[in-house]
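One file, protein_34.cif, is given below (mmCIF, C-alpha atoms (C1' of nucleotides)).
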data_start
#
loop_
_atom_site.label_atom_id
_atom_site.label_comp_id
_atom_site.auth_asym_id
_atom_site.auth_seq_id
_atom_site.Cartn_x
_atom_site.Cartn_y
_atom_site.Cartn_z
CA MET A 1 0.00 0.00 0.00
CA GLN A 2 0.87 3.67 -0.23
CA LEU A 3 3.47 5.32 1.91
CA HIS A 4 2.17 8.21 4.01
CA LYS A 5 4.14 11.00 5.65
CA CYS A 6 2.96 9.99 9.11
CA ASP A 7 3.98 6.34 8.60
CA VAL A 8 7.46 7.48 7.69
CA VAL A 9 7.70 9.69 10.77
CA GLU A 10 6.42 6.91 13.01
CA ALA A 11 8.89 4.38 11.64
CA ALA A 12 11.67 6.95 12.04
CA ALA A 13 10.69 7.60 15.65
CA ASN A 14 10.77 3.86 16.38
CA LEU A 15 14.18 3.55 14.75
CA LEU A 16 15.39 6.44 16.90
CA ASP A 17 14.15 4.87 20.11
CA GLU A 18 15.65 1.47 19.33
CA TYR A 19 19.02 2.37 17.84
CA GLY A 20 19.67 6.07 18.48
CA ILE A 21 20.26 9.07 16.25
CA ALA A 22 23.49 7.73 14.73
CA ASP A 23 21.61 4.83 13.16
CA LEU A 24 18.69 6.94 12.00
CA THR A 25 19.65 7.13 8.32
CA MET A 26 17.50 7.62 5.26
CA ARG A 27 18.69 4.32 3.82
CA ARG A 28 18.00 2.35 6.96
CA LEU A 29 14.59 3.94 7.34
CA ALA A 30 13.76 3.06 3.74
CA ARG A 31 14.85 -0.53 4.38
CA GLU A 32 12.60 -0.69 7.45
CA LEU A 33 9.66 0.55 5.37
CA ASN A 34 10.47 -1.79 2.46
CA VAL A 35 10.84 1.03 -0.02
CA SER A 36 13.80 2.34 -1.99
CA PRO A 37 15.77 5.24 -0.47
CA GLY A 38 14.54 7.58 -3.21
CA ALA A 39 10.90 7.05 -2.17
CA LEU A 40 11.47 9.10 1.00
CA TYR A 41 12.38 12.10 -1.12
CA TRP A 42 8.92 12.20 -2.61
CA HIS A 43 7.54 12.94 0.88
CA PHE A 44 10.38 14.97 2.38
CA ALA A 45 12.67 17.47 0.65
CA ASN A 46 15.69 16.24 2.64
CA LYS A 47 16.80 14.59 5.86
CA GLN A 48 16.61 17.81 7.89
CA GLU A 49 12.94 18.20 7.05
CA LEU A 50 12.27 14.65 8.19
CA LEU A 51 14.17 15.22 11.43
CA GLY A 52 12.04 18.32 11.98
CA ALA A 53 8.91 16.23 11.58
CA ILE A 54 10.21 13.71 14.14
CA SER A 55 10.97 16.59 16.51
CA ASP A 56 7.42 17.85 16.20
CA ARG A 57 6.14 14.37 16.95
CA ILE A 58 8.32 14.13 20.05
CA LEU A 59 7.14 17.54 21.24
CA ASP A 60 3.48 16.75 20.69
CA GLY A 61 1.46 18.43 23.42
CA VAL A 62 4.25 20.51 24.94
CA PRO A 63 3.15 23.78 23.29
CA SER A 64 -0.20 23.50 25.07
CA ALA A 65 1.50 23.97 28.46
CA ARG A 66 1.32 27.37 30.21
CA GLY A 67 3.83 29.20 32.40
CA VAL A 68 7.61 29.20 32.12
CA ALA A 69 8.30 26.42 34.63
CA ASP A 70 5.50 24.19 33.34
CA VAL A 71 6.59 24.50 29.71
CA CYS A 72 10.22 23.83 30.59
CA HIS A 73 9.49 20.74 32.66
CA ARG A 74 7.22 19.29 30.00
CA LEU A 75 9.77 20.07 27.32
CA ARG A 76 12.48 18.26 29.26
CA ASP A 77 10.20 15.28 29.93
CA ALA A 78 9.36 14.99 26.24
CA LEU A 79 13.04 15.11 25.27
CA LEU A 80 14.02 12.49 27.83
CA SER A 81 11.29 10.09 26.77
CA HIS A 82 12.99 9.27 23.46
CA THR A 83 16.52 8.03 22.83
CA ASP A 84 18.68 11.01 21.82
CA GLY A 85 15.52 13.14 21.87
CA ALA A 86 17.35 16.19 23.23
CA GLU A 87 20.04 16.01 20.59
CA LEU A 88 17.56 15.57 17.77
CA VAL A 89 15.28 18.43 18.81
CA SER A 90 18.25 20.64 19.58
CA ALA A 91 19.60 20.14 16.06
CA SER A 92 16.18 20.66 14.47
CA PHE A 93 15.64 23.84 16.46
CA ALA A 94 19.04 25.20 15.42
CA ALA A 95 18.22 24.39 11.80
CA GLY A 96 14.85 26.13 12.12
CA GLN A 97 13.04 22.92 11.18
CA SER A 98 10.87 22.35 14.22
CA SER A 99 7.59 24.25 14.17
CA ALA A 100 6.77 22.82 17.60
CA MET A 101 9.88 24.51 19.04
CA LYS A 102 8.74 27.78 17.42
CA GLN A 103 5.38 27.42 19.14
CA ILE A 104 7.07 26.66 22.43
CA LEU A 105 9.18 29.79 22.02
CA ALA A 106 6.01 31.80 21.42
CA VAL A 107 4.30 30.35 24.48
CA LEU A 108 7.34 31.11 26.64
CA THR A 109 7.51 34.64 25.26
CA GLU A 110 3.91 35.20 26.23
CA ALA A 111 4.48 33.74 29.69
CA VAL A 112 7.41 36.11 30.26
CA SER A 113 5.39 39.05 28.94
CA GLU A 114 2.69 38.39 31.49
CA VAL A 115 5.19 38.94 34.30
CA GLY A 116 5.49 42.51 33.01
CA VAL A 117 8.41 42.45 30.57
CA ASP A 118 8.04 44.24 27.22
CA SER A 119 7.71 41.95 24.19
CA ALA A 120 11.20 42.56 22.73
CA HIS A 121 12.90 41.56 25.98
CA ALA A 122 10.37 38.81 26.56
CA GLU A 123 11.42 37.04 23.37
CA LEU A 124 15.07 37.30 24.36
CA ALA A 125 14.33 35.91 27.80
CA ALA A 126 12.32 33.07 26.24
CA ARG A 127 15.18 32.15 23.87
CA THR A 128 17.57 32.24 26.81
CA VAL A 129 15.43 29.78 28.72
CA VAL A 130 15.18 27.51 25.67
CA TYR A 131 18.96 27.46 25.23
CA TYR A 132 19.24 26.39 28.85
CA VAL A 133 16.66 23.61 28.71
CA LEU A 134 18.12 22.17 25.50
CA GLY A 135 21.72 22.43 26.69
CA PHE A 136 20.97 20.94 30.08
CA THR A 137 18.91 18.08 28.71
CA VAL A 138 21.34 17.15 25.94
CA ASP A 139 23.99 16.91 28.63
CA GLU A 140 21.78 15.02 31.07
CA GLN A 141 20.61 12.54 28.46
CA SER A 142 24.09 11.75 27.21
CA ARG A 143 25.25 10.95 30.75
CA LEU A 144 22.07 9.00 31.42
CA GLN A 145 22.48 6.88 28.30
CA TRP A 146 26.17 6.48 28.88
CA ASP A 147 25.93 4.86 32.29
CA ALA A 148 22.73 3.04 31.34
CA ALA A 149 25.00 1.14 28.94
CA GLY A 150 27.39 0.38 31.80
CA ALA A 151 26.27 -0.85 35.24
CA GLU A 152 22.53 -1.27 35.22
CA LEU A 153 21.06 1.41 37.52
CA PRO A 154 21.79 0.46 41.17
CA GLU A 155 19.01 2.11 43.23
CA TRP A 156 17.20 4.12 40.63
CA GLN A 157 14.72 6.98 40.66
CA SER A 158 15.83 8.44 43.95
CA VAL A 159 19.59 8.80 43.60
CA LEU A 160 20.03 9.75 39.98
CA THR A 161 16.70 11.03 38.70
CA ASP A 162 15.67 13.20 41.60
CA ASP A 163 19.09 14.76 41.67
CA ALA A 164 18.79 15.68 38.01
CA ASN A 165 15.35 17.12 38.66
CA ALA A 166 16.76 19.28 41.42
CA ARG A 167 19.67 20.38 39.26
CA PHE A 168 17.32 21.26 36.43
CA GLY A 169 15.06 23.21 38.73
CA PHE A 170 18.00 25.14 40.19
CA GLY A 171 19.12 26.45 36.79
CA LEU A 172 15.56 27.25 35.85
CA ARG A 173 15.06 29.29 39.01
CA LEU A 174 18.18 31.27 38.15
CA PHE A 175 16.32 32.59 35.09
CA VAL A 176 12.98 33.09 36.63
CA ASP A 177 14.67 35.11 39.37
CA GLY A 178 16.67 37.01 36.75
CA ILE A 179 13.51 37.76 34.81
CA ASN A 180 11.77 39.00 37.92
CA VAL A 181 14.71 41.27 38.73
CA SER A 182 14.79 42.75 35.21
CA GLN A 183 11.05 43.33 35.43
CA ALA A 184 11.47 45.07 38.75
CA ILE A 185 14.04 47.39 37.19
CA PHE A 186 12.01 48.26 34.11
CA GLU A 187 8.78 49.16 35.86
CA MET B 1 58.70 15.44 6.19
CA GLN B 2 56.89 14.08 9.22
CA LEU B 3 53.32 14.91 10.06
CA HIS B 4 52.85 16.51 13.48
CA LYS B 5 49.69 16.76 15.56
CA CYS B 6 49.79 20.55 15.52
CA ASP B 7 50.14 20.68 11.73
CA VAL B 8 47.07 18.52 11.39
CA VAL B 9 45.08 20.74 13.76
CA GLU B 10 46.20 23.88 11.96
CA ALA B 11 45.27 22.53 8.55
CA ALA B 12 41.93 21.43 9.95
CA ALA B 13 41.27 24.90 11.39
CA ASN B 14 42.03 26.46 8.01
CA LEU B 15 39.72 24.05 6.27
CA LEU B 16 37.01 24.93 8.78
CA ASP B 17 37.41 28.66 8.22
CA GLU B 18 37.36 28.36 4.45
CA TYR B 19 34.66 25.76 3.84
CA GLY B 20 32.76 25.23 7.10
CA ILE B 21 32.17 22.24 9.34
CA ALA B 22 30.27 20.20 6.73
CA ASP B 23 33.36 20.05 4.53
CA LEU B 24 35.72 19.29 7.40
CA THR B 25 36.16 15.58 6.71
CA MET B 26 39.03 13.28 7.55
CA ARG B 27 39.49 12.41 3.88
CA ARG B 28 39.51 16.00 2.72
CA LEU B 29 41.93 16.98 5.48
CA ALA B 30 44.24 14.12 4.50
CA ARG B 31 44.11 15.29 0.87
CA GLU B 32 45.02 18.83 1.96
CA LEU B 33 48.00 17.45 3.90
CA ASN B 34 49.04 15.11 1.07
CA VAL B 35 48.77 12.01 3.19
CA SER B 36 46.51 8.99 3.07
CA PRO B 37 43.34 9.09 5.22
CA GLY B 38 44.75 6.36 7.45
CA ALA B 39 47.72 8.53 8.43
CA LEU B 40 45.47 10.77 10.54
CA TYR B 41 44.55 7.78 12.68
CA TRP B 42 48.10 7.42 13.84
CA HIS B 43 47.84 10.85 15.50
CA PHE B 44 44.19 10.90 16.54
CA ALA B 45 42.06 8.00 17.75
CA ASN B 46 39.03 9.24 15.80
CA LYS B 47 37.37 12.30 14.28
CA GLN B 48 35.85 13.42 17.60
CA GLU B 49 39.27 13.64 19.19
CA LEU B 50 40.51 15.77 16.31
CA LEU B 51 37.48 18.06 16.58
CA GLY B 52 38.23 18.41 20.27
CA ALA B 53 41.77 19.51 19.45
CA ILE B 54 40.44 22.11 17.00
CA SER B 55 38.05 23.36 19.69
CA ASP B 56 40.92 23.79 22.10
CA ARG B 57 42.82 25.75 19.47
CA ILE B 58 39.83 28.02 18.86
CA LEU B 59 39.42 28.60 22.60
CA ASP B 60 43.10 29.37 23.15
CA GLY B 61 43.38 32.08 25.79
CA VAL B 62 39.75 32.12 26.89
CA PRO B 63 40.36 30.10 30.09
CA SER B 64 42.74 32.81 31.29
CA ALA B 65 39.86 35.30 31.56
CA ARG B 66 38.37 36.12 35.00
CA GLY B 67 34.81 36.94 36.04
CA VAL B 68 31.59 35.56 34.61
CA ALA B 69 30.89 38.38 32.15
CA ASP B 70 34.50 38.57 30.94
CA VAL B 71 34.77 34.82 30.35
CA CYS B 72 31.43 34.73 28.52
CA HIS B 73 32.24 37.64 26.23
CA ARG B 74 35.63 36.21 25.35
CA LEU B 75 34.13 32.78 24.78
CA ARG B 76 31.57 34.24 22.39
CA ASP B 77 34.22 36.28 20.56
CA ALA B 78 36.39 33.19 20.11
CA LEU B 79 33.46 31.18 18.74
CA LEU B 80 32.44 33.92 16.30
CA SER B 81 35.96 34.35 14.96
CA HIS B 82 35.90 30.99 13.15
CA THR B 83 33.39 29.68 10.64
CA ASP B 84 30.95 27.36 12.45
CA GLY B 85 33.08 27.82 15.58
CA ALA B 86 30.09 27.76 17.90
CA GLU B 87 28.72 24.56 16.41
CA LEU B 88 32.07 22.82 16.53
CA VAL B 89 32.85 23.74 20.14
CA SER B 90 29.30 23.00 21.20
CA ALA B 91 29.53 19.49 19.76
CA SER B 92 32.98 18.89 21.27
CA PHE B 93 31.78 20.10 24.67
CA ALA B 94 28.76 17.80 24.53
CA ALA B 95 31.03 14.90 23.62
CA GLY B 96 33.39 15.75 26.50
CA GLN B 97 36.28 16.22 24.08
CA SER B 98 37.27 19.82 24.74
CA SER B 99 39.63 20.27 27.67
CA ALA B 100 39.51 24.03 27.11
CA MET B 101 35.76 24.00 27.74
CA LYS B 102 36.37 22.03 30.93
CA GLN B 103 38.82 24.70 32.06
CA ILE B 104 36.35 27.42 31.18
CA LEU B 105 33.71 25.64 33.24
CA ALA B 106 36.15 25.52 36.15
CA VAL B 107 36.96 29.22 35.86
CA LEU B 108 33.27 30.11 35.75
CA THR B 109 32.58 27.90 38.76
CA GLU B 110 35.25 29.72 40.72
CA ALA B 111 33.91 33.11 39.64
CA VAL B 112 30.42 32.17 40.82
CA SER B 113 31.81 30.81 44.08
CA GLU B 114 33.46 34.12 44.82
CA VAL B 115 30.06 35.83 44.79
CA GLY B 116 29.22 33.65 47.79
CA VAL B 117 27.55 30.57 46.32
CA ASP B 118 28.55 27.14 47.68
CA SER B 119 30.59 25.02 45.29
CA ALA B 120 27.88 22.50 44.37
CA HIS B 121 25.50 25.22 43.27
CA ALA B 122 28.35 27.23 41.75
CA GLU B 123 29.10 24.41 39.31
CA LEU B 124 25.46 24.18 38.35
CA ALA B 125 25.26 27.93 37.79
CA ALA B 126 28.43 27.79 35.70
CA ARG B 127 27.03 25.00 33.51
CA THR B 128 23.83 26.97 33.09
CA VAL B 129 25.75 29.98 31.86
CA VAL B 130 27.76 27.82 29.44
CA TYR B 131 24.58 26.31 27.97
CA TYR B 132 23.33 29.82 27.37
CA VAL B 133 26.49 31.16 25.74
CA LEU B 134 26.80 28.14 23.44
CA GLY B 135 23.10 28.10 22.53
CA PHE B 136 22.98 31.82 21.89
CA THR B 137 26.14 31.88 19.82
CA VAL B 138 25.30 28.84 17.70
CA ASP B 139 22.02 30.58 16.87
CA GLU B 140 23.65 33.96 16.26
CA GLN B 141 26.37 32.52 14.05
CA SER B 142 23.99 30.52 11.90
CA ARG B 143 21.91 33.65 11.22
CA LEU B 144 25.06 35.71 10.65
CA GLN B 145 26.46 33.23 8.15
CA TRP B 146 23.09 32.79 6.50
CA ASP B 147 22.57 36.41 5.57
CA ALA B 148 26.27 36.94 4.94
CA ALA B 149 25.72 34.50 2.05
CA GLY B 150 22.76 36.60 0.86
CA ALA B 151 22.84 40.40 0.61
CA GLU B 152 26.32 41.54 1.59
CA LEU B 153 25.96 43.43 4.87
CA PRO B 154 24.27 46.80 4.17
CA GLU B 155 25.42 49.14 6.97
CA TRP B 156 27.36 46.81 9.18
CA GLN B 157 28.68 46.93 12.74
CA SER B 158 26.01 49.27 14.07
CA VAL B 159 22.76 47.67 12.99
CA LEU B 160 23.48 43.97 13.26
CA THR B 161 26.52 43.49 15.46
CA ASP B 162 25.74 45.98 18.21
CA ASP B 163 22.25 44.61 18.43
CA ALA B 164 23.57 41.08 18.88
CA ASN B 165 25.95 42.35 21.55
CA ALA B 166 23.06 43.95 23.39
CA ARG B 167 20.95 40.79 23.07
CA PHE B 168 23.81 38.68 24.35
CA GLY B 169 24.38 40.98 27.28
CA PHE B 170 20.70 40.96 28.19
CA GLY B 171 20.55 37.18 28.53
CA LEU B 172 23.80 37.17 30.44
CA ARG B 173 22.48 39.71 32.93
CA LEU B 174 19.45 37.50 33.49
CA PHE B 175 21.80 34.91 35.00
CA VAL B 176 24.05 37.18 36.90
CA ASP B 177 20.96 38.70 38.49
CA GLY B 178 19.58 35.22 39.16
CA ILE B 179 22.86 34.17 40.73
CA ASN B 180 22.87 37.23 42.95
CA VAL B 181 19.32 36.50 44.07
CA SER B 182 20.11 32.87 44.92
CA GLN B 183 23.16 34.00 46.85
CA ALA B 184 21.03 36.52 48.76
CA ILE B 185 18.65 33.71 49.72
CA PHE B 186 21.30 31.23 50.83
CA GLU B 187 23.29 33.54 53.07
"C1'" DA C 1 57.55 4.73 14.64
"C1'" DC C 2 55.00 6.34 11.04
"C1'" DC C 3 52.60 5.89 6.82
"C1'" DT C 4 50.41 3.73 2.36
"C1'" DG C 5 46.93 1.21 -0.21
"C1'" DA C 6 43.16 -0.87 -0.36
"C1'" DA C 7 39.38 -2.47 1.43
"C1'" DC C 8 34.84 -2.57 4.41
"C1'" DA C 9 30.59 -0.96 5.26
"C1'" DC C 10 28.28 2.48 4.77
"C1'" DC C 11 26.13 7.63 3.71
"C1'" DG C 12 22.52 11.62 1.36
"C1'" DT C 13 20.66 12.84 -2.86
"C1'" DT C 14 19.21 12.78 -7.77
"C1'" DC C 15 16.70 11.33 -11.62
"C1'" DA C 16 15.36 8.74 -15.80
"C1'" DA C 17 12.22 5.36 -16.22
"C1'" DG C 18 8.36 2.70 -14.88
"C1'" DT C 19 3.27 2.04 -13.15
"C1'" DA D 1 1.05 10.85 -8.37
"C1'" DC D 2 4.15 7.86 -6.45
"C1'" DC D 3 7.94 4.79 -6.55
"C1'" DT D 4 12.15 1.87 -8.37
"C1'" DG D 5 16.88 1.15 -9.78
"C1'" DA D 6 20.90 2.66 -10.37
"C1'" DA D 7 24.07 5.84 -10.21
"C1'" DC D 8 27.05 9.94 -8.24
"C1'" DA D 9 30.01 11.59 -5.11
"C1'" DC D 10 31.22 10.97 -1.19
"C1'" DC D 11 31.99 9.31 4.22
"C1'" DG D 12 34.84 7.20 8.89
"C1'" DT D 13 37.65 3.56 10.13
"C1'" DT D 14 40.74 -0.51 9.93
"C1'" DC D 15 44.76 -2.99 9.00
"C1'" DA D 16 48.23 -5.81 6.54
"C1'" DA D 17 52.15 -4.42 4.50
"C1'" DG D 18 55.88 -1.36 3.60
"C1'" DT D 19 59.95 1.90 5.06
#

Would you put the structure from the file into structure tokens?
Amino acid sequence: MQLHKCDVVEAAANLLDEYGIADLTMRRLARELNVSPGALYWHFANKQELLGAISDRILDGVPSARGVADVCHRLRDALLSHTDGAELVSASFAAGQSSAMKQILAVLTEAVSEVGVDSAHAELAARTVVYYVLGFTVDEQSRLQWDAAGAELPEWQSVLTDDANARFGFGLRLFVDGINVSQAIFE
Amino acid sequence: MQLHKCDVVEAAANLLDEYGIADLTMRRLARELNVSPGALYWHFANKQELLGAISDRILDGVPSARGVADVCHRLRDALLSHTDGAELVSASFAAGQSSAMKQILAVLTEAVSEVGVDSAHAELAARTVVYYVLGFTVDEQSRLQWDAAGAELPEWQSVLTDDANARFGFGLRLFVDGINVSQAIFE
DNA sequence: ACCTGAACACCGTTCAAGT
DNA sequence: ACCTGAACACCGTTCAAGT
């Protein structure tokens, strides 16, 4: 039967989860779908566009969150729930290929505006927060996956995960505090 | 004559500046040096290690800066002074291959400590700042290089560059303010 | 010790030709 | 409209063999 865009994205997402971003190639994806490599280029202009579509799938639902902290936590959760999710979305965002990340940026900008910051500075503050969340989570995920390959998690959840949550929250608060200070100055 | 590590890194840096990170391949570098591709693997274990060495070359001098703002500005300047510098260093840092970035992290941690933050939180704050500088500069550089390829800079320096400086400084202040707030709480 | 040559196992992308 | 087959122009890495 016919190949649909969403089938391709789903197969790609499965490949990502099972084998990681390094093994997510156009040729391998085509093999998985039992089509020739060229077939993918009827549905997607290039690999970057496909990666953007996977990013949007990973981020499904995140743009509907409200408030800086809420958006950031849900963004991080979404990234961590797929192998190499942070790296993939980070790359797609940098390449301007993830419309979900653009929405998230808009939602964050609005959230910052509501604290009383003018819209030009609000967008800057929102970008700043996004850089942090992506950078932190790429880092966190690479460590997580690295020692998940080694010794299999001794006493999980509490020791490693909660610590990362606390670390993430600390950095996030640094911004929120910074934003509140800048708002206090400008008014 | 013999091939030395530093010659390889220099040739690689030149290749980067002239053609960008996408064309910085082991094979192309070997061609430029008039050696076989395999020769490079006598001096470097793999491509990542070589990229790390280029990163360290790009960041030469930055770790000797002092103070959060000073380090961050010099880091950004170093990244912007080479084609795709931000992307390269960002990738090397994520892969744990840049010792210069580790030094920079240490310097930033010390600078934050001196404001009165305990060392555990100081390291977190330092990482947070690094994520911001790298994220911001990768973004800035990709835009810069994108419209440098298009219309050739209308009335430079003032309109584009100064604005980016101001934007960079704004995000940076968000942290420094946030750090000061957290220090005020903890003491 | 340092390097060559040649191979291995792949890539992304294009495009005439088929259905 | 949608896909195949085959090609184009590459990759990173390894390793026996040479000097």

8 Å contacts from chain B to chain C using all atoms listed in the file, as a PyMOL selection string: chain B and resi 36+38-39+42

Keeping only C-alpha atoms, take the residues you just selected and write them out as an mmCIF file, in the coordinates of the input.
data_model
loop_
_atom_site.group_PDB
_atom_site.id
_atom_site.type_symbol
_atom_site.label_atom_id
_atom_site.label_comp_id
_atom_site.auth_asym_id
_atom_site.auth_seq_id
_atom_site.Cartn_x
_atom_site.Cartn_y
_atom_site.Cartn_z
ATOM 1 C CA SER B 36 46.510 8.990 3.070
ATOM 2 C CA GLY B 38 44.750 6.360 7.450
ATOM 3 C CA ALA B 39 47.720 8.530 8.430
ATOM 4 C CA TRP B 42 48.100 7.420 13.840
#

Residue IDs satisfying the PyMOL selection byres ((chain B) within 7 of (chain A)), as a PyMOL selection string: chain B and resi 94+124-125+128+131-132+135-136+139+167+171+174-175+177-179+181

Using all atoms of range 7-13 of chain D listed in the file and a margin of 6 Å per side, can you give the axis-aligned box centre and edge lengths in Å to one decimal, as JSON?
{"center_x": 30.9, "center_y": 7.6, "center_z": 0.0, "size_x": 25.6, "size_y": 20.0, "size_z": 32.3}

Selection: 6 Å around Val117 in chain B, all atoms listed in the file, excl. self and same-chain fewer than 4 positions, as a list in words: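 Everything that qualifies: Ser113, Ala122 and Gln183 of chain B.
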
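We find CA of Ser98 in chain A and CA of Glu123 in chain A to be spaced 17.3 Å apart.
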
Separation of CA of Arg74 in chain A from CA of Asp23 in chain A, in Å and rounded to one decimal: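 Computing it gives 26.5 Å between the two atoms.
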
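Here CA of Arg57 in chain A stands at a distance of 20.8 Å from CA of Arg27 in chain A.
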
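You can rank B:Ala148, B:Ala166, B:Pro63, B:Leu88 by their closest distance to Glu110 in chain B using only C-alpha atoms, and at the top of that list sits B:Pro63.
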
Selection near Asp60 in chain B, 12 Å with only C-alpha atoms (C1' of nucleotides), sequence-local residues under 2 positions removed, as a VMD selection string: chain B and resid 53 to 58 62 to 65 74 to 75 77 to 79 81 98 to 101 103 to 104
